[in-house]
>>> print(open('query32.cif').read())   # mmCIF, N, CA and C atoms
data_model
#
loop_
_atom_site.label_atom_id
_atom_site.label_comp_id
_atom_site.auth_asym_id
_atom_site.auth_seq_id
_atom_site.Cartn_x
_atom_site.Cartn_y
_atom_site.Cartn_z
N MET P 1 0.85 -1.17 0.00
CA MET P 1 0.00 0.00 0.00
C MET P 1 0.89 1.23 0.00
N CYS P 2 0.66 2.10 -0.92
CA CYS P 2 1.44 3.31 -1.05
C CYS P 2 0.54 4.50 -0.70
N SER P 3 0.88 5.18 0.37
CA SER P 3 0.09 6.33 0.77
C SER P 3 1.01 7.37 1.40
N SER P 4 0.49 8.56 1.53
CA SER P 4 1.26 9.63 2.16
C SER P 4 0.30 10.54 2.90
N GLU P 5 0.86 11.38 3.73
CA GLU P 5 0.07 12.34 4.48
C GLU P 5 0.53 13.74 4.14
N LEU P 6 -0.40 14.63 4.03
CA LEU P 6 -0.13 16.03 3.75
C LEU P 6 -0.72 16.84 4.90
N ILE P 7 0.12 17.64 5.53
CA ILE P 7 -0.35 18.48 6.62
C ILE P 7 -0.72 19.84 6.06
N LEU P 8 -1.97 20.21 6.19
CA LEU P 8 -2.47 21.47 5.67
C LEU P 8 -2.13 22.61 6.63
N PRO P 9 -2.12 23.85 6.13
CA PRO P 9 -1.79 24.99 7.00
C PRO P 9 -2.67 25.10 8.24
N GLU P 10 -3.92 24.65 8.15
CA GLU P 10 -4.82 24.73 9.30
C GLU P 10 -4.51 23.67 10.34
N GLY P 11 -3.54 22.81 10.08
CA GLY P 11 -3.20 21.74 11.00
C GLY P 11 -3.90 20.43 10.72
N HIS P 12 -4.79 20.40 9.75
CA HIS P 12 -5.49 19.17 9.39
C HIS P 12 -4.54 18.27 8.61
N ILE P 13 -4.79 16.99 8.71
CA ILE P 13 -3.97 16.02 7.99
C ILE P 13 -4.81 15.41 6.88
N MET P 14 -4.29 15.44 5.66
CA MET P 14 -4.97 14.82 4.52
C MET P 14 -4.23 13.54 4.16
N HIS P 15 -4.95 12.43 4.14
CA HIS P 15 -4.38 11.14 3.78
C HIS P 15 -4.57 10.92 2.29
N ILE P 16 -3.49 10.57 1.61
CA ILE P 16 -3.55 10.35 0.17
C ILE P 16 -3.12 8.91 -0.10
N SER P 17 -3.95 8.16 -0.79
CA SER P 17 -3.63 6.79 -1.17
C SER P 17 -3.32 6.76 -2.66
N TRP P 18 -2.17 6.22 -3.00
CA TRP P 18 -1.75 6.14 -4.41
C TRP P 18 -2.02 4.76 -4.99
N ASP P 19 -2.75 3.92 -4.27
CA ASP P 19 -3.05 2.58 -4.77
C ASP P 19 -4.13 2.64 -5.84
N LEU P 20 -3.97 1.80 -6.85
CA LEU P 20 -4.97 1.73 -7.91
C LEU P 20 -6.20 0.98 -7.41
N PRO P 21 -7.39 1.42 -7.81
CA PRO P 21 -8.58 0.62 -7.52
C PRO P 21 -8.51 -0.70 -8.28
N ALA P 22 -9.16 -1.70 -7.77
CA ALA P 22 -9.16 -3.00 -8.44
C ALA P 22 -9.90 -2.92 -9.77
N PHE P 23 -9.38 -3.63 -10.75
CA PHE P 23 -10.05 -3.70 -12.05
C PHE P 23 -11.23 -4.66 -11.94
N ARG P 24 -12.32 -4.31 -12.60
CA ARG P 24 -13.47 -5.20 -12.62
C ARG P 24 -13.17 -6.39 -13.54
N PRO P 25 -13.83 -7.52 -13.34
CA PRO P 25 -13.57 -8.67 -14.20
C PRO P 25 -14.24 -8.52 -15.56
N GLY P 26 -13.71 -9.24 -16.54
CA GLY P 26 -14.33 -9.33 -17.86
C GLY P 26 -14.22 -8.07 -18.69
N PHE P 27 -15.27 -7.82 -19.47
CA PHE P 27 -15.32 -6.69 -20.41
C PHE P 27 -15.10 -5.36 -19.71
N TRP P 28 -15.72 -5.20 -18.53
CA TRP P 28 -15.62 -3.92 -17.83
C TRP P 28 -14.21 -3.69 -17.30
N GLY P 29 -13.47 -4.74 -17.06
CA GLY P 29 -12.07 -4.60 -16.67
C GLY P 29 -11.23 -4.06 -17.81
N ILE P 30 -11.56 -4.47 -19.03
CA ILE P 30 -10.88 -3.93 -20.21
C ILE P 30 -11.18 -2.44 -20.35
N ILE P 31 -12.43 -2.08 -20.13
CA ILE P 31 -12.81 -0.65 -20.17
C ILE P 31 -12.06 0.12 -19.10
N ASP P 32 -11.93 -0.44 -17.89
CA ASP P 32 -11.18 0.21 -16.82
C ASP P 32 -9.74 0.48 -17.24
N LYS P 33 -9.12 -0.48 -17.91
CA LYS P 33 -7.74 -0.31 -18.36
C LYS P 33 -7.65 0.70 -19.50
N PHE P 34 -8.70 0.84 -20.25
CA PHE P 34 -8.72 1.76 -21.39
C PHE P 34 -8.91 3.21 -20.95
N ILE P 35 -9.82 3.46 -20.02
CA ILE P 35 -10.12 4.84 -19.62
C ILE P 35 -9.54 5.22 -18.27
N GLY P 36 -9.01 4.23 -17.54
CA GLY P 36 -8.45 4.50 -16.23
C GLY P 36 -9.32 3.91 -15.14
N PRO P 37 -8.71 3.21 -14.20
CA PRO P 37 -9.49 2.59 -13.13
C PRO P 37 -10.04 3.63 -12.18
N GLY P 38 -11.22 3.37 -11.67
CA GLY P 38 -11.81 4.27 -10.69
C GLY P 38 -12.47 5.50 -11.27
N ALA P 39 -12.71 5.51 -12.57
CA ALA P 39 -13.38 6.67 -13.18
C ALA P 39 -14.81 6.77 -12.65
N THR P 40 -15.22 7.99 -12.41
CA THR P 40 -16.59 8.21 -11.94
C THR P 40 -17.56 8.05 -13.11
N THR P 41 -18.84 7.96 -12.79
CA THR P 41 -19.86 7.85 -13.84
C THR P 41 -19.82 9.06 -14.75
N ALA P 42 -19.63 10.24 -14.19
CA ALA P 42 -19.56 11.46 -15.00
C ALA P 42 -18.37 11.41 -15.95
N GLU P 43 -17.22 10.96 -15.47
CA GLU P 43 -16.04 10.86 -16.34
C GLU P 43 -16.26 9.86 -17.46
N LYS P 44 -16.88 8.74 -17.14
CA LYS P 44 -17.16 7.73 -18.16
C LYS P 44 -18.11 8.27 -19.22
N ASN P 45 -19.16 8.98 -18.77
CA ASN P 45 -20.13 9.53 -19.72
C ASN P 45 -19.49 10.58 -20.62
N ILE P 46 -18.68 11.44 -20.05
CA ILE P 46 -18.01 12.47 -20.85
C ILE P 46 -17.08 11.82 -21.87
N GLN P 47 -16.35 10.80 -21.44
CA GLN P 47 -15.42 10.13 -22.35
C GLN P 47 -16.13 9.35 -23.45
N LEU P 48 -17.36 8.97 -23.21
CA LEU P 48 -18.12 8.23 -24.21
C LEU P 48 -18.87 9.16 -25.16
N PHE P 49 -19.59 10.12 -24.59
CA PHE P 49 -20.52 10.91 -25.40
C PHE P 49 -19.87 12.06 -26.17
N LEU P 50 -18.88 12.73 -25.60
CA LEU P 50 -18.26 13.85 -26.31
C LEU P 50 -17.60 13.43 -27.63
N PRO P 51 -16.83 12.34 -27.67
CA PRO P 51 -16.26 11.93 -28.97
C PRO P 51 -17.32 11.58 -30.01
N PHE P 52 -18.38 10.88 -29.58
CA PHE P 52 -19.45 10.55 -30.53
C PHE P 52 -20.16 11.82 -31.02
N LEU P 53 -20.42 12.72 -30.11
CA LEU P 53 -21.08 13.97 -30.47
C LEU P 53 -20.22 14.78 -31.43
N PHE P 54 -18.94 14.90 -31.13
CA PHE P 54 -18.04 15.65 -31.99
C PHE P 54 -17.91 14.99 -33.36
N SER P 55 -17.79 13.66 -33.40
CA SER P 55 -17.70 12.94 -34.68
C SER P 55 -18.95 13.17 -35.52
N ALA P 56 -20.11 13.08 -34.88
CA ALA P 56 -21.37 13.32 -35.60
C ALA P 56 -21.42 14.75 -36.11
N GLY P 57 -20.93 15.69 -35.31
CA GLY P 57 -20.91 17.09 -35.74
C GLY P 57 -20.01 17.32 -36.94
N VAL P 58 -18.84 16.69 -36.93
CA VAL P 58 -17.92 16.84 -38.06
C VAL P 58 -18.52 16.26 -39.33
N VAL P 59 -19.14 15.10 -39.21
CA VAL P 59 -19.79 14.48 -40.38
C VAL P 59 -20.95 15.35 -40.85
N ALA P 60 -21.73 15.89 -39.92
CA ALA P 60 -22.86 16.75 -40.30
C ALA P 60 -22.37 18.01 -41.02
N ILE P 61 -21.30 18.59 -40.54
CA ILE P 61 -20.75 19.78 -41.21
C ILE P 61 -20.27 19.42 -42.61
N GLY P 62 -19.63 18.26 -42.73
CA GLY P 62 -19.18 17.82 -44.05
C GLY P 62 -20.33 17.60 -45.01
N LEU P 63 -21.41 17.00 -44.52
CA LEU P 63 -22.58 16.78 -45.37
C LEU P 63 -23.28 18.09 -45.71
N TYR P 64 -23.42 18.97 -44.73
CA TYR P 64 -24.08 20.25 -44.94
C TYR P 64 -23.30 21.14 -45.90
N SER P 65 -21.97 21.08 -45.81
CA SER P 65 -21.12 21.92 -46.67
C SER P 65 -20.89 21.30 -48.04
N GLU P 66 -21.45 20.12 -48.26
CA GLU P 66 -21.35 19.42 -49.55
C GLU P 66 -19.90 19.24 -49.99
N PHE P 67 -19.12 18.60 -49.11
CA PHE P 67 -17.71 18.34 -49.44
C PHE P 67 -17.57 17.28 -50.53
N ASN P 68 -18.63 16.54 -50.80
CA ASN P 68 -18.61 15.48 -51.80
C ASN P 68 -17.55 14.42 -51.51
N TRP P 69 -17.44 14.08 -50.23
CA TRP P 69 -16.51 13.03 -49.84
C TRP P 69 -17.16 11.67 -50.06
N SER P 70 -16.32 10.64 -50.16
CA SER P 70 -16.83 9.28 -50.23
C SER P 70 -17.18 8.82 -48.81
N VAL P 71 -17.87 7.70 -48.72
CA VAL P 71 -18.25 7.14 -47.42
C VAL P 71 -16.99 6.82 -46.61
N VAL P 72 -15.97 6.33 -47.26
CA VAL P 72 -14.71 6.00 -46.57
C VAL P 72 -14.10 7.25 -45.95
N GLN P 73 -14.13 8.37 -46.66
CA GLN P 73 -13.59 9.61 -46.12
C GLN P 73 -14.38 10.09 -44.91
N TYR P 74 -15.69 9.96 -44.94
CA TYR P 74 -16.51 10.33 -43.78
C TYR P 74 -16.22 9.43 -42.59
N VAL P 75 -16.03 8.14 -42.83
CA VAL P 75 -15.70 7.21 -41.74
C VAL P 75 -14.35 7.57 -41.14
N ILE P 76 -13.37 7.86 -41.99
CA ILE P 76 -12.03 8.20 -41.50
C ILE P 76 -12.06 9.49 -40.69
N ILE P 77 -12.74 10.53 -41.19
CA ILE P 77 -12.79 11.79 -40.45
C ILE P 77 -13.55 11.63 -39.14
N ALA P 78 -14.58 10.80 -39.12
CA ALA P 78 -15.32 10.57 -37.88
C ALA P 78 -14.44 9.85 -36.86
N LEU P 79 -13.68 8.84 -37.30
CA LEU P 79 -12.78 8.13 -36.39
C LEU P 79 -11.67 9.04 -35.86
N LEU P 80 -11.08 9.83 -36.74
CA LEU P 80 -10.02 10.74 -36.31
C LEU P 80 -10.54 11.79 -35.33
N ALA P 81 -11.68 12.37 -35.63
CA ALA P 81 -12.26 13.39 -34.75
C ALA P 81 -12.60 12.80 -33.39
N GLY P 82 -13.22 11.63 -33.39
CA GLY P 82 -13.57 10.98 -32.13
C GLY P 82 -12.35 10.59 -31.32
N ASP P 83 -11.31 10.12 -32.02
CA ASP P 83 -10.08 9.72 -31.33
C ASP P 83 -9.39 10.92 -30.70
N MET P 84 -9.32 12.01 -31.41
CA MET P 84 -8.66 13.21 -30.87
C MET P 84 -9.42 13.78 -29.68
N VAL P 85 -10.72 13.94 -29.81
CA VAL P 85 -11.51 14.50 -28.71
C VAL P 85 -11.52 13.53 -27.53
N GLY P 86 -11.69 12.25 -27.81
CA GLY P 86 -11.68 11.26 -26.74
C GLY P 86 -10.35 11.22 -25.99
N GLY P 87 -9.25 11.35 -26.73
CA GLY P 87 -7.94 11.36 -26.09
C GLY P 87 -7.74 12.56 -25.20
N VAL P 88 -8.16 13.72 -25.67
CA VAL P 88 -8.02 14.94 -24.87
C VAL P 88 -8.87 14.84 -23.60
N VAL P 89 -10.10 14.42 -23.76
CA VAL P 89 -11.01 14.33 -22.62
C VAL P 89 -10.52 13.28 -21.63
N THR P 90 -10.12 12.13 -22.12
CA THR P 90 -9.65 11.07 -21.23
C THR P 90 -8.40 11.49 -20.46
N ASN P 91 -7.46 12.12 -21.14
CA ASN P 91 -6.24 12.54 -20.46
C ASN P 91 -6.49 13.67 -19.46
N ALA P 92 -7.60 14.34 -19.57
CA ALA P 92 -7.93 15.41 -18.63
C ALA P 92 -8.59 14.90 -17.36
N THR P 93 -9.00 13.64 -17.33
CA THR P 93 -9.68 13.10 -16.14
C THR P 93 -8.68 12.63 -15.10
N SER P 94 -9.09 12.59 -13.87
CA SER P 94 -8.21 12.13 -12.79
C SER P 94 -7.95 10.62 -12.90
N ALA P 95 -8.89 9.88 -13.45
CA ALA P 95 -8.72 8.42 -13.57
C ALA P 95 -7.61 8.05 -14.55
N ALA P 96 -7.27 8.93 -15.46
CA ALA P 96 -6.24 8.64 -16.46
C ALA P 96 -4.84 8.85 -15.93
N LYS P 97 -4.70 9.29 -14.71
CA LYS P 97 -3.39 9.59 -14.15
C LYS P 97 -2.76 8.38 -13.47
N TRP P 98 -3.00 7.23 -13.96
CA TRP P 98 -2.44 6.03 -13.37
C TRP P 98 -1.28 5.61 -14.20
#
>>> encode(input="query32.cif", output="structure tokens")
Amino acid sequence: MCSSELILPEGHIMHISWDLPAFRPGFWGIIDKFIGPGATTAEKNIQLFLPFLFSAGVVAIGLYSEFNWSVVQYVIIALLAGDMVGGVVTNATSAAKW
């Protein structure tokens, strides 16, 4: 167990545990390793929905602007957009700091 104590100016002691939460078994354990163990429900939702929303927005802008791309190009831009936004959001969460 790896932990430390931080003494605050008011004299209070803050206990900090650096131990990783246990990974869940099966499929959800893989998700834990992908997004970081111990992620809150809000962190999981943000990491899931923002990339999908951004990808859909990029594809919608492409269709609205009549870029005349092929289906493959739309799939590639959706994957790239989702990957970039998902990476930024995931790395910004506390669960990703493991």
>>> select_by_dssp(input="query32.cif", residues="chain P", states="helix (DSSP H, G or I)", output="ChimeraX atom specification")
/P:27-35,41-64,71-92,94-96
>>> atom_distance(input="query32.cif", atom1="atom CA of Ile46 of chain P", atom2="atom C of Ala60 of chain P")
21.4 Å
>>> closest_residue(input="query32.cif", among="P:Ala39, P:Ala92, P:Ile7, P:Leu63", to="Arg24 of chain P", atoms="only C-alpha atoms")
P:Ala39
>>> closest_residue(input="query32.cif", among="P:Gly26, P:Pro51, P:Gly11, P:Gly38", to="Gly87 of chain P", atoms="all atoms listed in the file")
P:Pro51
>>> atom_distance(input="query32.cif", atom1="atom C of Met84 of chain P", atom2="atom C of Ser65 of chain P")
22.9 Å
>>> resolve_selection(input="query32.cif", expression="the PyMOL selection byres ((chain P and resi 96) around 8)", output="PyMOL selection string")
chain P and resi 34-39+90-95+97-98
